[in-house]
Amino acid sequence: MKPLHALASDAGLQRLWENADGAPQIVSDEVLVTVLGRLGFPAGNSAAIDESRRLLAAESLDCRFLSADVEDPIRLPGEPVDAEAELRREDGSTRPVRIEGSRLSGIGEPGYYDLQIGGRLIRLAIAPRRCFRVQDAAPGRRIWAPAVQVPALRGDRESAFGDFAALRESAAAFASRGADAISVSPLHALFPADPTRYSPYAPSSRLFLNVLFGDPRLVEADLGPEGGGSLIDWEMAIPGRMQALRRAFEERPDHVRDQVAAFAGAHGQSLVRHATFDALHGHFFESGAHGWRAWPKPFQDAEGDAVAQFAGENAEEIEFHLFLQWLAERSIEAVQRAAREGGMAVGLITDLAVGLDPGGSQAWSRPEDLLAGLSIGAPPDELGPEGQNWGLAGFAPRALRRGGFGTYIETLRANLRHAGGMRIDHILGLRRLWVIPDGAGPVNGVYLTMPLTDMLRIAAIESQRARAIIIGEDLGTVPDGLRSEMSDRGVLGMQVLWFERDENGEFMQPRRWRADAAAMTSTHDLPTVAGWWRGCDIDWALKLGRTSGPGVEKEKRAADRERLWAAFVLAGVAEAPMSAPEQPEAAVDAALAYVSAAPSVLTIIPFEDILGIEEQPNLPGTTDQHPNWRRRLPRPTEAMLSDRAAAARLRSLARSPSVGDEDCGGVERASAAR
């Protein structure tokens with residue numbers, strides 16, 4: 001093996017890989033050299049390669065973190081050694097342990113431990129066998145949940161976009177109709193000073209919340225009048241909402257001041273730095289700086305004197321941003337409380353975005369945690385034929401190990417704090433990340449191996465502690481063995497109607513779907529059922545120049561409609577003749593019944609499909625060509641769920657089979673979920 005290829009392998013780069021069609025691929029040496037350099041392993045010549053390999057070898061001996069399952073013996077790296085050691089629990093108590101032949105006897109209680117061996121300290125993560133599961137939350141039955149886009153919701157007051165108040169009302173409305181959960185897109189912190197950055201999947205920080213969703217009525221303040229059309233005008237809506245939130249801050253009573261101070265104290269320096277970033281971002285945004293890399297050099301160091309001086313001179317502005325985070329936290333807490341009080345077994349299912357905006361708060365305050373000079377994305381596949389460069393920063397595996405996975409643990413806790421579940425966006429990234437050098441196209445990337453086993457074990461610890469289910473988005477080019485590892489750990493996968501086909505392209509009957517994956521009609525990135533049936537996605541592809549043969553695409557869709565309808569008839573959820581393309585209502589009804597007949601313990605249906613809406617919330621690969629994250633629903637949730645068609649679809653979901661029913665192929669004979 002060439003020294004360059006050996007170094008790439010040692011550094012976790014996968015030079016050889018298979019694409020979505022199973023065809024072998026080889027990464028060029030040029031890409032390997034570039035990516036290795038960005039990872040901190042220069043490889044431009046033989047001497048550099050030799051030095052980088054020595055660095056890697058030294059790092060492998062400097063073990064600072066290990067994970068294991070409860071009761072399993074723990075093997076310490078390095079030469080065999082017998083020694084006395086001390087094991088410290090999270091509560092500070094200690095006990096002596098014996099290392100024999102570099103093996104530590106299994107630990108019976110899940111959690112985090114510090115193993116002290118002489119002058120050497122190793123952080124241990126001891127995991128339960130599996131995550132908290134739907135079966136633990138709702139024993140003996142299957143459950144269903146709507147997937148909603150928070151900004152799209154309408155509440156009991158007219159607003160420019162939906163917020164946590166509208167989400168709370170929606171959770172209560174769905175709970176009253178038998179839903180046991182409500183799934184949302186990421187609620188992470190964005191950039192409140194920049195009204196052009198509203199995508200939930202490009203957050204400033206995954207440790208804090210989108211403050212635009214806070215409900216001022218919780219502090220007896222009013223947003224005032226806000227207009228709300230069918231599309232959100234974010235460039236008007238965000239400044240307007242921030243002005244209303246600032247009024248709420250200025251009028252806050254003394255007891256709120258005290259609560260914000262206590263909240264800031266409890267969350268520590270991490271929250272204060274985030275609030276400082278938002279204050280700085282607003283300050284420099286006025287002069288055209290859209291991220292911290294465009295700030296004057298002294299302010300790019302979160303620990304520097306310039307930042308400290310700014311904080312001292314702008315204490316009230318920083319307090320304003322602390323207030324916003326406190327209000328958002330109280331608001332989301334109210335959402336989960338309403339969901340559980342309404343009878344939901346799980347409640348809110350949050351969404352953990354795959355990466356971060358490199359110009360945001362977390363990259364500014366913790367740059368050492370993230371990959372530098374590399375963006376994450378995906379190689380060409382069915383979801384993105386030309387590949388995808390998301391322009392996002394991801395965790396650096398070396399930094400995770402050096403820091404005992406502290407930031408990852410903190411991230412999981414932040415997103416599970418007021419939730420009964422969490423979806424991990426692009427869970428494939430826990431096994432490997434497609435990393436692309438800044439400035440290169442998505443085809444010029446390479447897979448970087450990530451510490452999947454460690455990250456799944458930590459997810460199991462945090463899932464059990466929060467009593468929250470974990471779902472992984474396992475769509476795209478899925479590595480061999482990933483789904484079995486997820487299943488073994490109790491992480492649900494995702495199966496979407498459009499992709500559940502056999503080798504002949506026929507839609508698989510729901511009884512053949514996996515039981516260990518959430519069953520779904522669609523996702524926010526894919527056509528709705530009504531839109532697919534009518535061919536709206538084909539119309540968009542034609543409009544955007546993404547297809548040169550619309551006739552071929554429409555002919556193929558016509559054949560697929562026939563295949564899907566035949567599958568509906570076979571499953572007993574529809575009758576011949578087939579619904580016409582311009583009349584998708586019957587297809588929507590059948591699709592919901594079809595998907596809910598799968599053996600999965602969890603069915604997730606986009607709100608758009610419950611309502612029979614044709615347009616999807618997001619069209620990947622577009623910015624302003626498609627109104628991504630701008631569409632609003634026509635009326636408040638309670639009113640829409642009372643419509644006859646929506647009510648009938650919800651009843652079909654409530655007739656999903658209970659766990660243990662032998663006949664999962666239809667819905668009429670199934671017992672009620674409640």
# chains A, B, ... in the order shown; residues from 1 in each chain; ligands from 1
>>> closest_atom_pairs(of="segment 126-244 of chain A", to="segment 465-474 of chain A", cutoff="12 Å", atoms="only C-alpha atoms", output="CSV")
residue,atom,partner,partner_atom,distance
A:Ala127,CA,A:Arg465,CA,11.0
A:Pro128,CA,A:Arg465,CA,10.3
A:Arg130,CA,A:Ile470,CA,10.2
A:Cys131,CA,A:Ile469,CA,6.8
A:Phe132,CA,A:Ile469,CA,5.3
A:Arg133,CA,A:Ile469,CA,5.1
A:Val134,CA,A:Ile469,CA,6.4
A:Gln135,CA,A:Ile469,CA,9.6
A:Asp136,CA,A:Arg467,CA,8.5
A:Ala137,CA,A:Arg467,CA,7.9
A:Ala138,CA,A:Ile469,CA,11.1
A:Ala181,CA,A:Ile469,CA,10.6
A:Ser183,CA,A:Ile471,CA,10.7
>>> closest_atom_pairs(of="segment 89-132 of chain A", to="segment 60-73 of chain A", cutoff="6 Å", atoms="only C-alpha atoms", output="JSON lines")
{"residue": "A:Leu104", "atom": "CA", "partner": "A:Pro73", "partner_atom": "CA", "distance": 5.7}
{"residue": "A:Ser105", "atom": "CA", "partner": "A:Pro73", "partner_atom": "CA", "distance": 4.7}
{"residue": "A:Gly106", "atom": "CA", "partner": "A:Glu71", "partner_atom": "CA", "distance": 4.1}
{"residue": "A:Ile107", "atom": "CA", "partner": "A:Glu71", "partner_atom": "CA", "distance": 5.0}
{"residue": "A:Gly108", "atom": "CA", "partner": "A:Glu71", "partner_atom": "CA", "distance": 4.9}
{"residue": "A:Ile122", "atom": "CA", "partner": "A:Arg64", "partner_atom": "CA", "distance": 4.5}
{"residue": "A:Arg123", "atom": "CA", "partner": "A:Phe65", "partner_atom": "CA", "distance": 4.7}
{"residue": "A:Leu124", "atom": "CA", "partner": "A:Leu66", "partner_atom": "CA", "distance": 5.0}
{"residue": "A:Ala125", "atom": "CA", "partner": "A:Ser67", "partner_atom": "CA", "distance": 4.6}
{"residue": "A:Ile126", "atom": "CA", "partner": "A:Ala68", "partner_atom": "CA", "distance": 5.1}
{"residue": "A:Ala127", "atom": "CA", "partner": "A:Asp69", "partner_atom": "CA", "distance": 4.7}
{"residue": "A:Pro128", "atom": "CA", "partner": "A:Val70", "partner_atom": "CA", "distance": 5.8}
>>> closest_atom_pairs(of="segment 545-630 of chain A", to="segment 535-541 of chain A", cutoff="12 Å", atoms="only C-alpha atoms", output="CSV")
residue,atom,partner,partner_atom,distance
A:Gly545,CA,A:Ala541,CA,6.0
A:Arg546,CA,A:Ala541,CA,4.8
A:Thr547,CA,A:Ala541,CA,5.9
A:Ser548,CA,A:Ala541,CA,9.3
A:Gly549,CA,A:Ala541,CA,10.1
A:Pro550,CA,A:Ile538,CA,7.2
A:Gly551,CA,A:Ile538,CA,9.8
A:Val552,CA,A:Ile538,CA,10.4
A:Glu553,CA,A:Ile538,CA,7.0
A:Lys554,CA,A:Ile538,CA,7.2
A:Glu555,CA,A:Gly535,CA,10.5
A:Lys556,CA,A:Gly535,CA,10.6
A:Arg557,CA,A:Gly535,CA,7.3
A:Ala558,CA,A:Gly535,CA,9.1
A:Asp560,CA,A:Gly535,CA,11.0
A:Arg561,CA,A:Gly535,CA,10.0
A:Ala580,CA,A:Gly535,CA,11.8
A:Pro581,CA,A:Gly535,CA,8.0
A:Glu582,CA,A:Gly535,CA,9.3
A:Gln583,CA,A:Gly535,CA,11.7
A:Pro584,CA,A:Gly535,CA,10.4
A:Ile613,CA,A:Cys536,CA,11.0
A:Glu614,CA,A:Cys536,CA,7.2
A:Glu615,CA,A:Cys536,CA,7.3
A:Gln616,CA,A:Asp537,CA,8.7
A:Pro617,CA,A:Asp537,CA,11.9
A:Asn618,CA,A:Asp537,CA,11.2
A:Leu619,CA,A:Asp537,CA,9.0
A:Pro620,CA,A:Ala541,CA,11.3
A:Gly621,CA,A:Ala541,CA,11.1
A:Thr622,CA,A:Trp540,CA,10.8
A:Gln625,CA,A:Trp540,CA,9.6
A:His626,CA,A:Trp540,CA,8.5
A:Pro627,CA,A:Trp540,CA,11.5
>>> closest_residue(among="A:Arg246, A:Arg252, A:Arg257, A:Arg417", to="His321 of chain A", atoms="only C-alpha atoms")
A:Arg246
>>> atom_distance(atom1="atom CA of Ala179 of chain A", atom2="atom CA of Trp144 of chain A")
5.5 Å
>>> atom_distance(atom1="atom CA of Ala396 of chain A", atom2="atom CA of Ile349 of chain A")
26.3 Å
>>> select_by_dssp(residues="segment 77-253 of chain A", states="strand (DSSP E)", output="MDAnalysis selection string")
chainID A and resid 83:88 94:100 103:104 111:117 120:127 143:148 181:184 188:189 205:209
>>> write_last_selection(atoms="N, CA and C atoms", output="short mmCIF file (atom, residue, chain, number, x, y, z; two decimals), in the first residue's frame")
data_model
loop_
_atom_site.label_atom_id
_atom_site.label_comp_id
_atom_site.auth_asym_id
_atom_site.auth_seq_id
_atom_site.Cartn_x
_atom_site.Cartn_y
_atom_site.Cartn_z
N ALA A 83 -2.39 -3.32 37.37
CA ALA A 83 -2.23 -2.11 38.20
C ALA A 83 -3.46 -1.90 39.06
N GLU A 84 -3.26 -1.18 40.14
CA GLU A 84 -4.37 -0.70 40.96
C GLU A 84 -4.86 0.62 40.37
N ALA A 85 -6.15 0.84 40.44
CA ALA A 85 -6.72 2.07 39.87
C ALA A 85 -7.90 2.52 40.74
N GLU A 86 -8.39 3.71 40.42
CA GLU A 86 -9.54 4.26 41.15
C GLU A 86 -10.62 4.63 40.15
N LEU A 87 -11.85 4.27 40.47
CA LEU A 87 -13.00 4.57 39.62
C LEU A 87 -13.88 5.59 40.31
N ARG A 88 -14.07 6.74 39.67
CA ARG A 88 -14.88 7.81 40.25
C ARG A 88 -16.22 7.89 39.52
N THR A 94 -15.90 7.27 45.03
CA THR A 94 -14.85 6.49 44.37
C THR A 94 -14.79 5.08 44.96
N ARG A 95 -14.18 4.19 44.22
CA ARG A 95 -13.88 2.85 44.73
C ARG A 95 -12.64 2.33 44.02
N PRO A 96 -11.85 1.53 44.70
CA PRO A 96 -10.65 0.97 44.07
C PRO A 96 -11.03 -0.15 43.10
N VAL A 97 -10.30 -0.26 42.02
CA VAL A 97 -10.50 -1.34 41.05
C VAL A 97 -9.12 -1.89 40.68
N ARG A 98 -9.15 -3.06 40.08
CA ARG A 98 -7.91 -3.73 39.70
C ARG A 98 -7.88 -3.91 38.19
N ILE A 99 -6.77 -3.49 37.57
CA ILE A 99 -6.55 -3.71 36.16
C ILE A 99 -5.68 -4.96 36.02
N GLU A 100 -6.16 -5.96 35.33
CA GLU A 100 -5.41 -7.20 35.16
C GLU A 100 -5.26 -7.50 33.67
N ARG A 103 -7.22 -5.30 31.44
CA ARG A 103 -8.67 -5.49 31.41
C ARG A 103 -9.26 -5.05 32.74
N LEU A 104 -10.35 -4.30 32.62
CA LEU A 104 -11.12 -3.87 33.79
C LEU A 104 -12.44 -4.63 33.79
N GLY A 111 -23.63 4.97 32.89
CA GLY A 111 -23.27 6.33 33.25
C GLY A 111 -21.84 6.64 32.85
N TYR A 112 -21.33 7.74 33.39
CA TYR A 112 -19.99 8.21 33.07
C TYR A 112 -19.09 8.08 34.29
N TYR A 113 -17.86 7.63 34.05
CA TYR A 113 -16.91 7.37 35.12
C TYR A 113 -15.55 7.92 34.72
N ASP A 114 -14.75 8.25 35.73
CA ASP A 114 -13.34 8.58 35.51
C ASP A 114 -12.49 7.47 36.09
N LEU A 115 -11.63 6.91 35.25
CA LEU A 115 -10.72 5.85 35.67
C LEU A 115 -9.34 6.45 35.84
N GLN A 116 -8.84 6.46 37.06
CA GLN A 116 -7.52 7.03 37.36
C GLN A 116 -6.54 5.89 37.53
N ILE A 117 -5.53 5.82 36.64
CA ILE A 117 -4.48 4.80 36.72
C ILE A 117 -3.16 5.54 36.86
N ARG A 120 -2.63 8.76 34.88
CA ARG A 120 -3.41 8.69 33.64
C ARG A 120 -4.90 8.70 33.96
N LEU A 121 -5.66 9.54 33.27
CA LEU A 121 -7.11 9.64 33.50
C LEU A 121 -7.84 9.29 32.21
N ILE A 122 -8.77 8.33 32.31
CA ILE A 122 -9.57 7.90 31.16
C ILE A 122 -11.04 8.06 31.51
N ARG A 123 -11.77 8.74 30.64
CA ARG A 123 -13.21 8.90 30.81
C ARG A 123 -13.90 7.66 30.24
N LEU A 124 -14.81 7.08 31.01
CA LEU A 124 -15.56 5.90 30.59
C LEU A 124 -17.03 6.24 30.42
N ALA A 125 -17.62 5.76 29.34
CA ALA A 125 -19.06 5.86 29.12
C ALA A 125 -19.61 4.44 29.11
N ILE A 126 -20.38 4.09 30.11
CA ILE A 126 -20.93 2.74 30.24
C ILE A 126 -22.41 2.80 29.86
N ALA A 127 -22.75 2.10 28.79
CA ALA A 127 -24.07 2.27 28.18
C ALA A 127 -25.03 1.14 28.53
N ILE A 143 -47.93 3.53 17.96
CA ILE A 143 -48.37 4.91 18.11
C ILE A 143 -48.14 5.67 16.81
N TRP A 144 -48.77 6.83 16.70
CA TRP A 144 -48.58 7.66 15.52
C TRP A 144 -48.34 9.10 15.93
N ALA A 145 -47.74 9.84 14.99
CA ALA A 145 -47.40 11.24 15.25
C ALA A 145 -47.49 12.03 13.96
N PRO A 146 -47.94 13.28 14.03
CA PRO A 146 -47.80 14.17 12.88
C PRO A 146 -46.39 14.76 12.87
N ALA A 147 -45.91 15.10 11.69
CA ALA A 147 -44.67 15.88 11.56
C ALA A 147 -45.08 17.27 11.12
N VAL A 148 -44.72 18.29 11.90
CA VAL A 148 -45.15 19.65 11.60
C VAL A 148 -43.93 20.57 11.44
N ALA A 181 -47.35 11.57 19.86
CA ALA A 181 -46.13 12.36 19.69
C ALA A 181 -46.40 13.41 18.63
N ILE A 182 -45.52 14.40 18.57
CA ILE A 182 -45.57 15.41 17.52
C ILE A 182 -44.12 15.73 17.15
N SER A 183 -43.78 15.52 15.89
CA SER A 183 -42.41 15.64 15.43
C SER A 183 -42.20 16.98 14.73
N VAL A 184 -41.06 17.60 14.97
CA VAL A 184 -40.76 18.91 14.40
C VAL A 184 -39.39 18.90 13.74
N HIS A 188 -33.12 24.63 16.65
CA HIS A 188 -31.84 25.18 17.07
C HIS A 188 -31.77 26.70 16.89
N ALA A 189 -30.83 27.29 17.61
CA ALA A 189 -30.57 28.73 17.51
C ALA A 189 -30.13 29.09 16.09
N SER A 205 -26.10 27.40 16.46
CA SER A 205 -25.70 26.50 17.55
C SER A 205 -26.78 25.45 17.73
N ARG A 206 -26.34 24.22 18.02
CA ARG A 206 -27.29 23.15 18.34
C ARG A 206 -27.47 23.00 19.85
N LEU A 207 -26.86 23.91 20.61
CA LEU A 207 -26.95 23.84 22.07
C LEU A 207 -28.08 24.71 22.61
N PHE A 208 -28.61 25.61 21.77
CA PHE A 208 -29.61 26.56 22.25
C PHE A 208 -30.76 26.66 21.24
N LEU A 209 -31.77 27.42 21.58
CA LEU A 209 -33.03 27.42 20.85
C LEU A 209 -33.17 28.62 19.91
#
>>> residues_around(residues="Ala639 of chain A", least_positions_apart="2", cutoff="12 Å", atoms="only C-alpha atoms", output="list of chain:residue names")
A:Leu153, A:Arg154, A:Gly155, A:Asp156, A:Glu169, A:Ser170, A:Ala173, A:Phe174, A:Leu611, A:Leu633, A:Pro634, A:Arg635, A:Pro636, A:Thr637, A:Leu641, A:Ser642, A:Asp643, A:Arg644, A:Ala646, A:Ala647
>>> atom_distance(atom1="atom CA of Lys543 of chain A", atom2="atom CA of Pro527 of chain A")
15.4 Å
>>> closest_residue(among="A:Leu400, A:Val491, A:Leu452, A:Val211", to="Pro479 of chain A", atoms="only C-alpha atoms")
A:Leu452
>>> closest_residue(among="A:Met578, A:Ala571, A:Ile458, A:Ala315", to="Arg511 of chain A", atoms="only C-alpha atoms")
A:Ala571
>>> residues_around(residues="Ser102 of chain A", least_positions_apart="2", cutoff="8 Å", atoms="only C-alpha atoms", output="list in words")
Arg75, Leu76, Pro77, Gly78, Glu79, Pro80, Val81, Asp82, Ile99, Glu100 and Leu104 of chain A
>>> select_by_dssp(residues="segment 22-217 of chain A", states="alpha helix (DSSP H)", output="number ranges by chain")
A: 29-38, 46-61, 134-137, 164-175
>>> residues_around(residues="segment 269-286 of chain A", least_positions_apart="5", cutoff="8 Å", atoms="only C-alpha atoms", output="list in words")
Phe191, Pro192, Ala193, Asp194, Phe208, Ala264, Gly291, Trp292, Trp295, Ala302, Ala311, Glu317, Ile318, Glu319, His321, Leu322, Ser361, Gln362, Trp364 and Ser365 of chain A
>>> residues_around(residues="Glu158 of chain A", least_positions_apart="3", cutoff="9 Å", atoms="only C-alpha atoms", output="list in words")
Arg154, Gly155, Phe161, Pro225, Glu226, Gly227 and Gly228 of chain A
>>> write_last_selection(atoms="N, CA, C and O atoms", output="PDB file, in the first residue's frame")
ATOM      1  N   ARG A 154     -50.458  27.912  12.416  1.00  0.00           N
ATOM      2  CA  ARG A 154     -51.225  29.087  12.835  1.00  0.00           C
ATOM      3  C   ARG A 154     -51.864  28.773  14.177  1.00  0.00           C
ATOM      4  O   ARG A 154     -52.357  27.668  14.403  1.00  0.00           O
ATOM      5  N   GLY A 155     -51.839  29.773  15.065  1.00  0.00           N
ATOM      6  CA  GLY A 155     -52.426  29.603  16.377  1.00  0.00           C
ATOM      7  C   GLY A 155     -53.695  30.403  16.541  1.00  0.00           C
ATOM      8  O   GLY A 155     -54.334  30.798  15.559  1.00  0.00           O
ATOM      9  N   PHE A 161     -45.602  34.199  11.509  1.00  0.00           N
ATOM     10  CA  PHE A 161     -45.149  32.809  11.375  1.00  0.00           C
ATOM     11  C   PHE A 161     -45.477  32.077  12.670  1.00  0.00           C
ATOM     12  O   PHE A 161     -45.708  32.681  13.711  1.00  0.00           O
ATOM     13  N   PRO A 225     -49.881  43.447  16.581  1.00  0.00           N
ATOM     14  CA  PRO A 225     -50.396  42.951  15.301  1.00  0.00           C
ATOM     15  C   PRO A 225     -49.274  42.507  14.372  1.00  0.00           C
ATOM     16  O   PRO A 225     -48.245  43.164  14.243  1.00  0.00           O
ATOM     17  N   GLU A 226     -49.465  41.341  13.755  1.00  0.00           N
ATOM     18  CA  GLU A 226     -48.545  40.827  12.751  1.00  0.00           C
ATOM     19  C   GLU A 226     -49.363  40.290  11.591  1.00  0.00           C
ATOM     20  O   GLU A 226     -50.305  39.526  11.792  1.00  0.00           O
ATOM     21  N   GLY A 227     -49.014  40.673  10.389  1.00  0.00           N
ATOM     22  CA  GLY A 227     -49.704  40.133   9.231  1.00  0.00           C
ATOM     23  C   GLY A 227     -49.223  38.730   8.929  1.00  0.00           C
ATOM     24  O   GLY A 227     -48.108  38.357   9.291  1.00  0.00           O
ATOM     25  N   GLY A 228     -50.048  37.938   8.276  1.00  0.00           N
ATOM     26  CA  GLY A 228     -49.654  36.583   7.954  1.00  0.00           C
ATOM     27  C   GLY A 228     -50.325  36.080   6.697  1.00  0.00           C
ATOM     28  O   GLY A 228     -51.509  35.733   6.730  1.00  0.00           O
TER      29      GLY A 228
END
>>> residues_around(residues="segment 436-448 of chain A", least_positions_apart="2", cutoff="8 Å", atoms="only C-alpha atoms", output="list in words")
Gly12, Leu13, Gln14, Arg15, Val27, Val31, Leu32, Thr34, Val35, Arg38, Gly373, Leu374, Ser375, Ile376, Gly377, Ala378, Pro379, Pro380, Glu386, Gly387, Gln388, Asn389, Arg432, Leu433, Trp434 and Met450 of chain A
